[in-house]
>>> print(open('start.txt').read())   # compact mmCIF, C-alpha atoms
# COMPACT_ATOMS: atom_id res chain seq x y z
CA SER H 178 -94.09 58.58 26.92
CA PRO H 179 -93.66 56.55 23.71
CA SER H 180 -90.53 58.47 22.76
CA SER H 181 -88.80 57.85 26.09
CA SER H 182 -89.79 54.16 25.96
CA SER H 183 -88.29 53.71 22.49
CA THR H 184 -85.17 55.57 23.58
CA SER H 185 -84.81 53.24 26.57
CA LYS H 186 -85.19 50.14 24.37
CA LEU H 187 -82.64 51.52 21.92
CA ARG H 188 -80.18 52.13 24.77
CA GLU H 189 -80.70 48.58 26.03
CA ARG H 190 -79.97 47.18 22.57
CA ILE H 191 -76.82 49.25 22.24
CA LEU H 192 -75.56 48.29 25.70
CA HIS H 193 -76.63 44.65 25.50
CA PRO H 194 -73.21 43.24 24.40
CA CYS H 195 -71.43 45.17 27.15
CA VAL H 196 -73.97 44.17 29.81
CA SER H 197 -73.90 40.54 28.68
CA THR H 198 -70.10 40.46 28.77
CA LYS H 199 -70.03 42.00 32.24
CA THR H 200 -72.61 39.48 33.46
CA TYR H 201 -70.65 36.62 31.89
CA PHE H 202 -67.41 37.53 33.67
CA SER H 203 -69.27 38.21 36.91
CA ASP H 204 -70.82 34.74 36.83
CA LEU H 205 -67.50 33.20 35.83
CA SER H 206 -65.55 34.83 38.66
CA SER H 207 -68.19 33.83 41.20
CA VAL H 208 -67.26 30.18 40.61
CA PHE H 209 -63.63 30.30 39.48
CA SER H 210 -61.02 32.42 41.27
CA TRP H 211 -59.34 35.24 39.40
CA ARG H 212 -55.99 33.52 39.90
CA PHE H 213 -57.19 30.34 38.22
CA LEU H 214 -58.82 32.29 35.40
CA SER H 215 -55.57 34.22 34.93
CA TRP H 216 -53.63 30.94 34.85
CA LEU H 217 -56.03 29.56 32.25
CA ALA H 218 -55.73 32.75 30.20
CA ILE H 219 -51.93 32.64 30.26
CA GLN H 220 -51.82 28.92 29.51
CA ASN H 221 -54.22 29.03 26.57
CA PHE H 222 -53.01 32.31 25.07
CA ALA H 223 -49.27 31.70 25.46
CA MET H 224 -49.08 27.90 25.26
CA TYR H 225 -51.96 26.50 23.21
CA GLY H 226 -52.48 29.54 21.01
CA GLY H 227 -48.86 30.68 21.20
CA VAL H 228 -46.19 27.97 21.32
CA SER H 229 -48.19 25.19 19.66
CA ALA H 230 -49.52 27.48 16.93
CA LEU H 231 -46.02 28.85 16.37
CA ILE H 232 -44.54 25.36 15.98
CA MET H 233 -47.24 24.32 13.52
CA ALA H 234 -46.86 27.51 11.48
CA VAL H 235 -43.05 27.55 11.39
CA SER H 236 -42.47 23.83 10.70
CA LEU H 237 -43.40 23.81 7.00
CA PRO H 238 -41.30 26.80 5.86
CA LEU H 239 -38.41 25.72 8.12
CA PHE H 240 -38.17 22.18 6.77
CA LYS H 241 -38.83 23.40 3.23
CA GLU H 242 -35.85 25.74 3.48
CA MET H 243 -33.73 22.81 4.72
CA GLY H 244 -34.73 20.74 1.67
CA ILE H 245 -36.79 18.14 3.55
CA ASP H 246 -39.22 16.27 1.29
CA ALA H 247 -43.00 16.30 1.84
CA SER H 248 -43.32 12.71 3.11
CA ARG H 249 -40.70 13.29 5.78
CA GLN H 250 -42.38 16.55 6.74
CA GLN H 251 -45.62 14.67 7.37
CA LEU H 252 -43.75 12.26 9.62
CA TYR H 253 -42.22 15.17 11.50
CA SER H 254 -45.66 16.77 11.98
CA THR H 255 -47.00 13.54 13.46
CA MET H 256 -44.06 13.25 15.83
CA THR H 257 -44.36 16.88 16.89
CA LEU H 258 -48.07 16.49 17.71
CA SER H 259 -47.68 13.12 19.44
CA SER H 260 -47.23 14.88 22.78
CA PHE H 261 -50.95 15.69 22.71
CA ALA H 262 -51.71 11.96 22.43
CA LEU H 263 -50.07 11.53 25.85
CA LYS H 264 -52.60 13.80 27.58
CA PRO H 265 -54.75 10.95 29.02
CA PHE H 266 -51.61 9.29 30.42
CA ILE H 267 -50.55 12.57 32.05
CA GLY H 268 -54.03 13.04 33.51
CA VAL H 269 -54.04 9.58 35.10
CA THR H 270 -50.47 10.04 36.35
CA SER H 271 -51.38 13.33 38.04
CA ASP H 272 -54.32 11.64 39.81
CA LEU H 273 -52.35 8.61 41.01
CA PHE H 274 -48.93 10.03 41.87
CA PRO H 275 -48.94 13.37 43.72
CA ILE H 276 -45.58 15.13 44.07
CA ARG H 277 -44.93 16.66 47.49
CA GLY H 278 -48.65 16.45 48.19
CA TYR H 279 -49.78 18.20 44.99
CA HIS H 280 -51.38 16.37 42.08
CA LYS H 281 -50.84 19.08 39.47
CA ARG H 282 -48.48 21.86 40.55
CA TYR H 283 -45.12 20.12 40.32
CA LEU H 284 -46.08 18.06 37.30
CA ALA H 285 -46.95 21.34 35.58
CA LEU H 286 -43.61 22.87 36.63
CA ILE H 287 -41.71 19.84 35.33
CA SER H 288 -43.61 20.13 32.05
CA ILE H 289 -42.66 23.81 31.75
CA LEU H 290 -39.00 22.95 32.38
CA ILE H 291 -39.13 20.27 29.66
CA GLY H 292 -40.38 22.87 27.19
CA LEU H 293 -37.73 25.39 28.25
CA VAL H 294 -34.96 22.81 27.84
CA GLY H 295 -36.34 21.85 24.42
CA CYS H 296 -36.50 25.46 23.24
CA SER H 297 -33.03 26.25 24.62
CA ALA H 298 -31.65 23.23 22.76
CA LEU H 299 -33.45 24.45 19.65
CA LEU H 300 -31.68 27.81 19.86
CA ALA H 301 -28.36 26.06 20.42
CA LEU H 302 -28.81 23.71 17.46
CA TYR H 303 -30.23 26.12 14.89
CA HIS H 304 -27.57 28.70 14.02
CA ASN H 305 -25.80 29.99 10.93
CA SER H 306 -23.15 27.27 10.69
CA SER H 307 -25.61 24.40 11.17
CA VAL H 308 -27.98 25.90 8.59
CA LYS H 309 -25.15 26.34 6.06
CA GLU H 310 -24.02 22.75 6.60
CA ALA H 311 -27.58 21.46 6.15
CA ALA H 312 -27.93 23.47 2.94
CA VAL H 313 -25.09 21.59 1.21
CA ASP H 314 -25.37 18.17 2.87
CA LEU H 315 -28.68 16.27 2.86
CA VAL H 316 -27.50 13.89 5.58
CA ALA H 317 -26.67 16.86 7.81
CA ALA H 318 -30.09 18.35 6.99
CA TYR H 319 -31.83 15.14 8.06
CA ARG H 320 -29.76 14.93 11.22
CA LEU H 321 -30.49 18.55 12.16
CA SER H 322 -34.19 18.26 11.35
CA ASP H 323 -34.48 15.11 13.50
CA LEU H 324 -33.06 17.01 16.45
CA LEU H 325 -35.32 20.00 15.82
CA VAL H 326 -38.38 17.73 15.87
CA ILE H 327 -37.35 16.41 19.29
CA CYS H 328 -37.12 20.02 20.49
CA PHE H 329 -40.56 20.80 19.04
CA PHE H 330 -41.94 17.70 20.78
CA CYS H 331 -40.59 18.89 24.14
CA MET H 332 -42.11 22.33 23.64
CA ASN H 333 -45.47 20.78 22.82
CA VAL H 334 -45.19 18.65 25.97
CA THR H 335 -45.54 21.86 27.97
CA ALA H 336 -48.64 22.99 26.06
CA ALA H 337 -50.29 19.55 26.14
CA ASN H 338 -49.61 18.83 29.82
CA LEU H 339 -50.71 22.24 31.06
CA ASP H 340 -53.85 21.88 28.97
CA ILE H 341 -54.86 18.54 30.48
CA LEU H 342 -53.99 19.65 34.02
CA GLY H 343 -56.11 22.76 33.62
CA GLU H 344 -58.97 20.73 32.16
CA GLY H 345 -58.85 18.37 35.13
CA LYS H 346 -59.10 21.23 37.60
CA TYR H 347 -61.94 23.13 35.95
CA SER H 348 -63.83 19.86 35.39
CA GLU H 349 -63.61 19.25 39.13
CA ILE H 350 -64.92 22.74 39.89
CA MET H 351 -67.69 22.41 37.29
CA ARG H 352 -68.84 19.19 38.95
CA GLN H 353 -69.10 21.05 42.27
CA HIS H 354 -70.88 24.00 40.62
CA PRO H 355 -73.02 22.67 37.75
CA GLU H 356 -74.75 26.05 37.50
CA SER H 357 -71.60 27.44 35.87
CA GLY H 358 -72.39 25.51 32.68
CA SER H 359 -69.80 25.67 29.94
CA SER H 360 -68.72 29.27 30.58
CA VAL H 361 -65.13 28.38 31.49
CA ILE H 362 -64.77 26.21 28.37
CA THR H 363 -65.85 29.18 26.24
CA PHE H 364 -63.32 31.34 28.10
CA LYS H 365 -60.56 28.81 27.46
CA PHE H 366 -61.18 28.41 23.73
CA VAL H 367 -61.59 32.14 23.11
CA LEU H 368 -58.18 32.82 24.71
CA GLY H 369 -56.60 29.99 22.71
CA LEU H 370 -58.11 31.34 19.49
CA LEU H 371 -56.91 34.88 20.23
CA GLY H 372 -53.41 33.56 20.92
CA SER H 373 -53.42 31.65 17.64
CA ILE H 374 -54.57 34.73 15.70
CA VAL H 375 -51.83 36.88 17.21
CA THR H 376 -49.20 34.19 16.60
CA ASN H 377 -50.10 33.72 12.96
CA THR H 378 -49.95 37.47 12.30
CA TYR H 379 -46.20 37.60 12.96
CA VAL H 380 -45.03 34.07 12.10
CA GLY H 381 -45.72 34.49 8.37
CA PRO H 382 -43.78 37.74 7.83
CA LEU H 383 -40.85 36.58 9.99
CA THR H 384 -40.54 33.22 8.22
CA ASP H 385 -40.67 34.96 4.83
CA ILE H 386 -37.50 36.86 5.69
CA GLY H 387 -35.88 33.85 7.40
CA TYR H 388 -35.98 35.09 11.00
CA PHE H 389 -36.46 31.63 12.48
CA ARG H 390 -34.19 32.22 15.47
CA LEU H 391 -36.22 35.28 16.45
CA LEU H 392 -39.34 33.09 16.43
CA PHE H 393 -37.58 30.57 18.66
CA TRP H 394 -36.67 33.36 21.10
CA ILE H 395 -40.32 34.43 21.14
CA ALA H 396 -41.30 30.82 21.86
CA LEU H 397 -38.84 30.75 24.78
CA GLY H 398 -40.46 33.87 26.22
CA LEU H 399 -43.91 32.34 25.87
CA LEU H 400 -42.76 29.16 27.61
CA ILE H 401 -41.54 31.14 30.61
CA THR H 402 -44.84 33.00 31.17
CA PRO H 403 -46.77 30.27 33.08
CA PHE H 404 -43.84 29.38 35.37
CA TYR H 405 -44.37 31.99 38.11
CA PRO H 406 -48.20 31.66 38.28
CA THR H 407 -47.84 27.86 38.48
CA LEU H 408 -45.14 28.09 41.15
CA ARG H 409 -47.33 30.46 43.21
CA GLY H 410 -50.28 28.09 43.11
CA TRP H 411 -52.60 29.89 40.73
CA LEU H 412 -53.64 26.41 39.61
CA PRO H 413 -55.71 25.80 42.77
CA GLU H 414 -54.91 22.77 44.90
CA LYS H 415 -55.03 21.93 48.60
>>> encode(input="start.txt", output="structure tokens")
Amino acid sequence: SPSSSSTSKLRERILHPCVSTKTYFSDLSSVFSWRFLSWLAIQNFAMYGGVSALIMAVSLPLFKEMGIDASRQQLYSTMTLSSFALKPFIGVTSDLFPIRGYHKRYLALISILIGLVGCSALLALYHNSSVKEAAVDLVAAYRLSDLLVICFFCMNVTAANLDILGEGKYSEIMRQHPESGSSVITFKFVLGLLGSIVTNTYVGPLTDIGYFRLLFWIALGLLITPFYPTLRGWLPEK
């Protein structure tokens, strides 16, 4: 009947987003394993949308509080982001020099350790006494800020290297399965965007009240998250 037909069409319209989403993830998981998708989700949410977004958001208020001028802040921003300029070099290195038979796994683990060391050093350097010294001595402020930038660089090394290693792997799978289209790229950027949104919701309020060390502890937790999945081979390699 006409009424039942219109009701059916209305139901289809209402359910269309849910059905489309289910179909999207079904198609995605038919090409990419759930372990690899989970690794990508963790990497993009916690690293690209978490650690990197946190560093970018916290840098300005942190250096402003330390009395660093705008021109020097721009230099620091460039240095902090320079780790992403090394991505092509890391990609070529992973292709040419496998470690213990794996092109990506151990390079990813080393990258995670670099970020953890950088964040641990950050927590060791930024404390009450060093902040008080930087507040009254511009030379001490410059010296401390230089060291903090090195720590930020190391933390971004983790995000940048995991990003390029993941891109290399899903590009390989996409070449083998061209029918997958750009679905995994959409998945990656959505998770990165969600991570960035979540990060920016708490960075602002915490920086306003000066809780920088708490933010650095959060960054340390985020840096740890991809270690176990990477160690267990969720980034697929033979």
>>> atom_distance(input="start.txt", atom1="atom CA of H:Trp394", atom2="atom CA of H:Trp211")
29.2 Å
>>> closest_residue(input="start.txt", among="H:Met243, H:Leu392, H:Leu383, H:Val208", to="H:Val308", atoms="only C-alpha atoms")
H:Met243
>>> residues_around(input="start.txt", residues="H:Ile350", least_positions_apart="4", cutoff="9 Å", atoms="only C-alpha atoms", output="list in words")
Val208, Phe209, Gly345, Lys346, His354 and Pro355 of chain H
>>> residues_around(input="start.txt", residues="H:Ile219", least_positions_apart="4", cutoff="8 Å", atoms="only C-alpha atoms", output="list in words")
Ser215, Ala223, Met224, Thr402 and Pro403 of chain H
>>> atom_distance(input="start.txt", atom1="atom CA of H:Trp216", atom2="atom CA of H:Pro382")
29.6 Å
>>> closest_residue(input="start.txt", among="H:Ala234, H:Leu325, H:Leu342, H:Leu408", to="H:Ser271", atoms="all atoms listed in the file")
H:Leu342
>>> closest_residue(input="start.txt", among="H:Ser288, H:Ser254, H:Thr200, H:Ser207", to="H:Val334", atoms="all atoms listed in the file")
H:Ser288
>>> atom_distance(input="start.txt", atom1="atom CA of H:Gly372", atom2="atom CA of H:Val228")
9.1 Å
>>> residues_around(input="start.txt", residues="H:Ile362", least_positions_apart="5", cutoff="10 Å", atoms="only C-alpha atoms", output="ChimeraX atom specification")
/H:344,347-348,367
>>> residues_around(input="start.txt", residues="H:Leu263", least_positions_apart="4", cutoff="10 Å", atoms="all atoms listed in the file", output="PyMOL selection string")
chain H and resi 258-259+267-268+334+337-338+341
>>> residues_around(input="start.txt", residues="stretch 255-257 of chain H", least_positions_apart="6", cutoff="9 Å", atoms="only C-alpha atoms", output="NGL selection string")
:H and (232-233 or 326-333)
>>> closest_residue(input="start.txt", among="H:Thr335, H:Ser210, H:Ser297, H:Ser236", to="H:Val380", atoms="all atoms listed in the file")
H:Ser236
>>> closest_residue(input="start.txt", among="H:Ala285, H:Leu231, H:Phe202, H:His304", to="H:Tyr379", atoms="all atoms listed in the file")
H:Leu231
>>> closest_residue(input="start.txt", among="H:Leu214, H:Ala301, H:Asn221, H:Pro413", to="H:Leu370", atoms="only C-alpha atoms")
H:Asn221
>>> build_atoms(input="start.txt", residues="stretch 198-231 of chain H", atoms="N, CA and C atoms", output="compact mmCIF listing (two decimals), in the frame of the given file")
# COMPACT_ATOMS: atom_id res chain seq x y z
N THR H 198 -71.49 40.80 28.49
CA THR H 198 -70.10 40.46 28.77
C THR H 198 -69.78 40.65 30.24
N LYS H 199 -70.26 41.74 30.82
CA LYS H 199 -70.03 42.00 32.24
C LYS H 199 -70.69 40.92 33.09
N THR H 200 -71.90 40.54 32.72
CA THR H 200 -72.61 39.48 33.46
C THR H 200 -71.88 38.15 33.33
N TYR H 201 -71.37 37.87 32.12
CA TYR H 201 -70.65 36.62 31.89
C TYR H 201 -69.43 36.53 32.80
N PHE H 202 -68.61 37.57 32.85
CA PHE H 202 -67.41 37.53 33.67
C PHE H 202 -67.75 37.56 35.16
N SER H 203 -68.84 38.21 35.51
CA SER H 203 -69.27 38.21 36.91
C SER H 203 -69.67 36.81 37.35
N ASP H 204 -70.43 36.12 36.51
CA ASP H 204 -70.82 34.74 36.83
C ASP H 204 -69.61 33.82 36.85
N LEU H 205 -68.69 34.04 35.91
CA LEU H 205 -67.50 33.20 35.83
C LEU H 205 -66.63 33.35 37.07
N SER H 206 -66.41 34.59 37.50
CA SER H 206 -65.55 34.83 38.66
C SER H 206 -66.20 34.45 39.97
N SER H 207 -67.51 34.27 39.97
CA SER H 207 -68.19 33.83 41.20
C SER H 207 -67.94 32.35 41.47
N VAL H 208 -67.54 31.61 40.46
CA VAL H 208 -67.26 30.18 40.61
C VAL H 208 -65.76 29.90 40.58
N PHE H 209 -65.06 30.53 39.64
CA PHE H 209 -63.63 30.30 39.48
C PHE H 209 -62.86 31.53 39.98
N SER H 210 -61.80 31.31 40.73
CA SER H 210 -61.02 32.42 41.27
C SER H 210 -60.31 33.17 40.16
N TRP H 211 -60.00 34.44 40.42
CA TRP H 211 -59.34 35.24 39.40
C TRP H 211 -57.93 34.71 39.11
N ARG H 212 -57.31 34.09 40.12
CA ARG H 212 -55.99 33.52 39.90
C ARG H 212 -56.06 32.34 38.92
N PHE H 213 -57.05 31.48 39.12
CA PHE H 213 -57.19 30.34 38.22
C PHE H 213 -57.57 30.79 36.82
N LEU H 214 -58.45 31.77 36.72
CA LEU H 214 -58.82 32.29 35.40
C LEU H 214 -57.62 32.94 34.72
N SER H 215 -56.78 33.63 35.50
CA SER H 215 -55.57 34.22 34.93
C SER H 215 -54.61 33.13 34.46
N TRP H 216 -54.49 32.06 35.25
CA TRP H 216 -53.63 30.94 34.85
C TRP H 216 -54.14 30.31 33.56
N LEU H 217 -55.45 30.11 33.47
CA LEU H 217 -56.03 29.56 32.25
C LEU H 217 -55.80 30.48 31.05
N ALA H 218 -55.95 31.78 31.29
CA ALA H 218 -55.73 32.75 30.20
C ALA H 218 -54.30 32.70 29.70
N ILE H 219 -53.35 32.69 30.63
CA ILE H 219 -51.93 32.64 30.26
C ILE H 219 -51.63 31.34 29.53
N GLN H 220 -52.12 30.23 30.09
CA GLN H 220 -51.82 28.92 29.51
C GLN H 220 -52.38 28.79 28.09
N ASN H 221 -53.60 29.20 27.89
CA ASN H 221 -54.22 29.03 26.57
C ASN H 221 -53.74 30.05 25.56
N PHE H 222 -53.50 31.28 26.00
CA PHE H 222 -53.01 32.31 25.07
C PHE H 222 -51.55 32.06 24.70
N ALA H 223 -50.71 31.81 25.70
CA ALA H 223 -49.27 31.70 25.46
C ALA H 223 -48.84 30.31 25.04
N MET H 224 -49.50 29.27 25.55
CA MET H 224 -49.08 27.90 25.26
C MET H 224 -49.85 27.33 24.07
N TYR H 225 -51.16 27.16 24.24
CA TYR H 225 -51.96 26.50 23.21
C TYR H 225 -52.08 27.36 21.96
N GLY H 226 -52.36 28.64 22.16
CA GLY H 226 -52.48 29.54 21.01
C GLY H 226 -51.18 30.20 20.62
N GLY H 227 -50.14 30.07 21.48
CA GLY H 227 -48.86 30.68 21.20
C GLY H 227 -47.82 29.69 20.73
N VAL H 228 -47.28 28.90 21.65
CA VAL H 228 -46.19 27.97 21.32
C VAL H 228 -46.62 26.92 20.30
N SER H 229 -47.75 26.26 20.57
CA SER H 229 -48.19 25.19 19.66
C SER H 229 -48.51 25.73 18.27
N ALA H 230 -49.20 26.88 18.23
CA ALA H 230 -49.52 27.48 16.93
C ALA H 230 -48.25 27.93 16.21
N LEU H 231 -47.28 28.42 16.97
CA LEU H 231 -46.02 28.85 16.37
C LEU H 231 -45.27 27.66 15.75
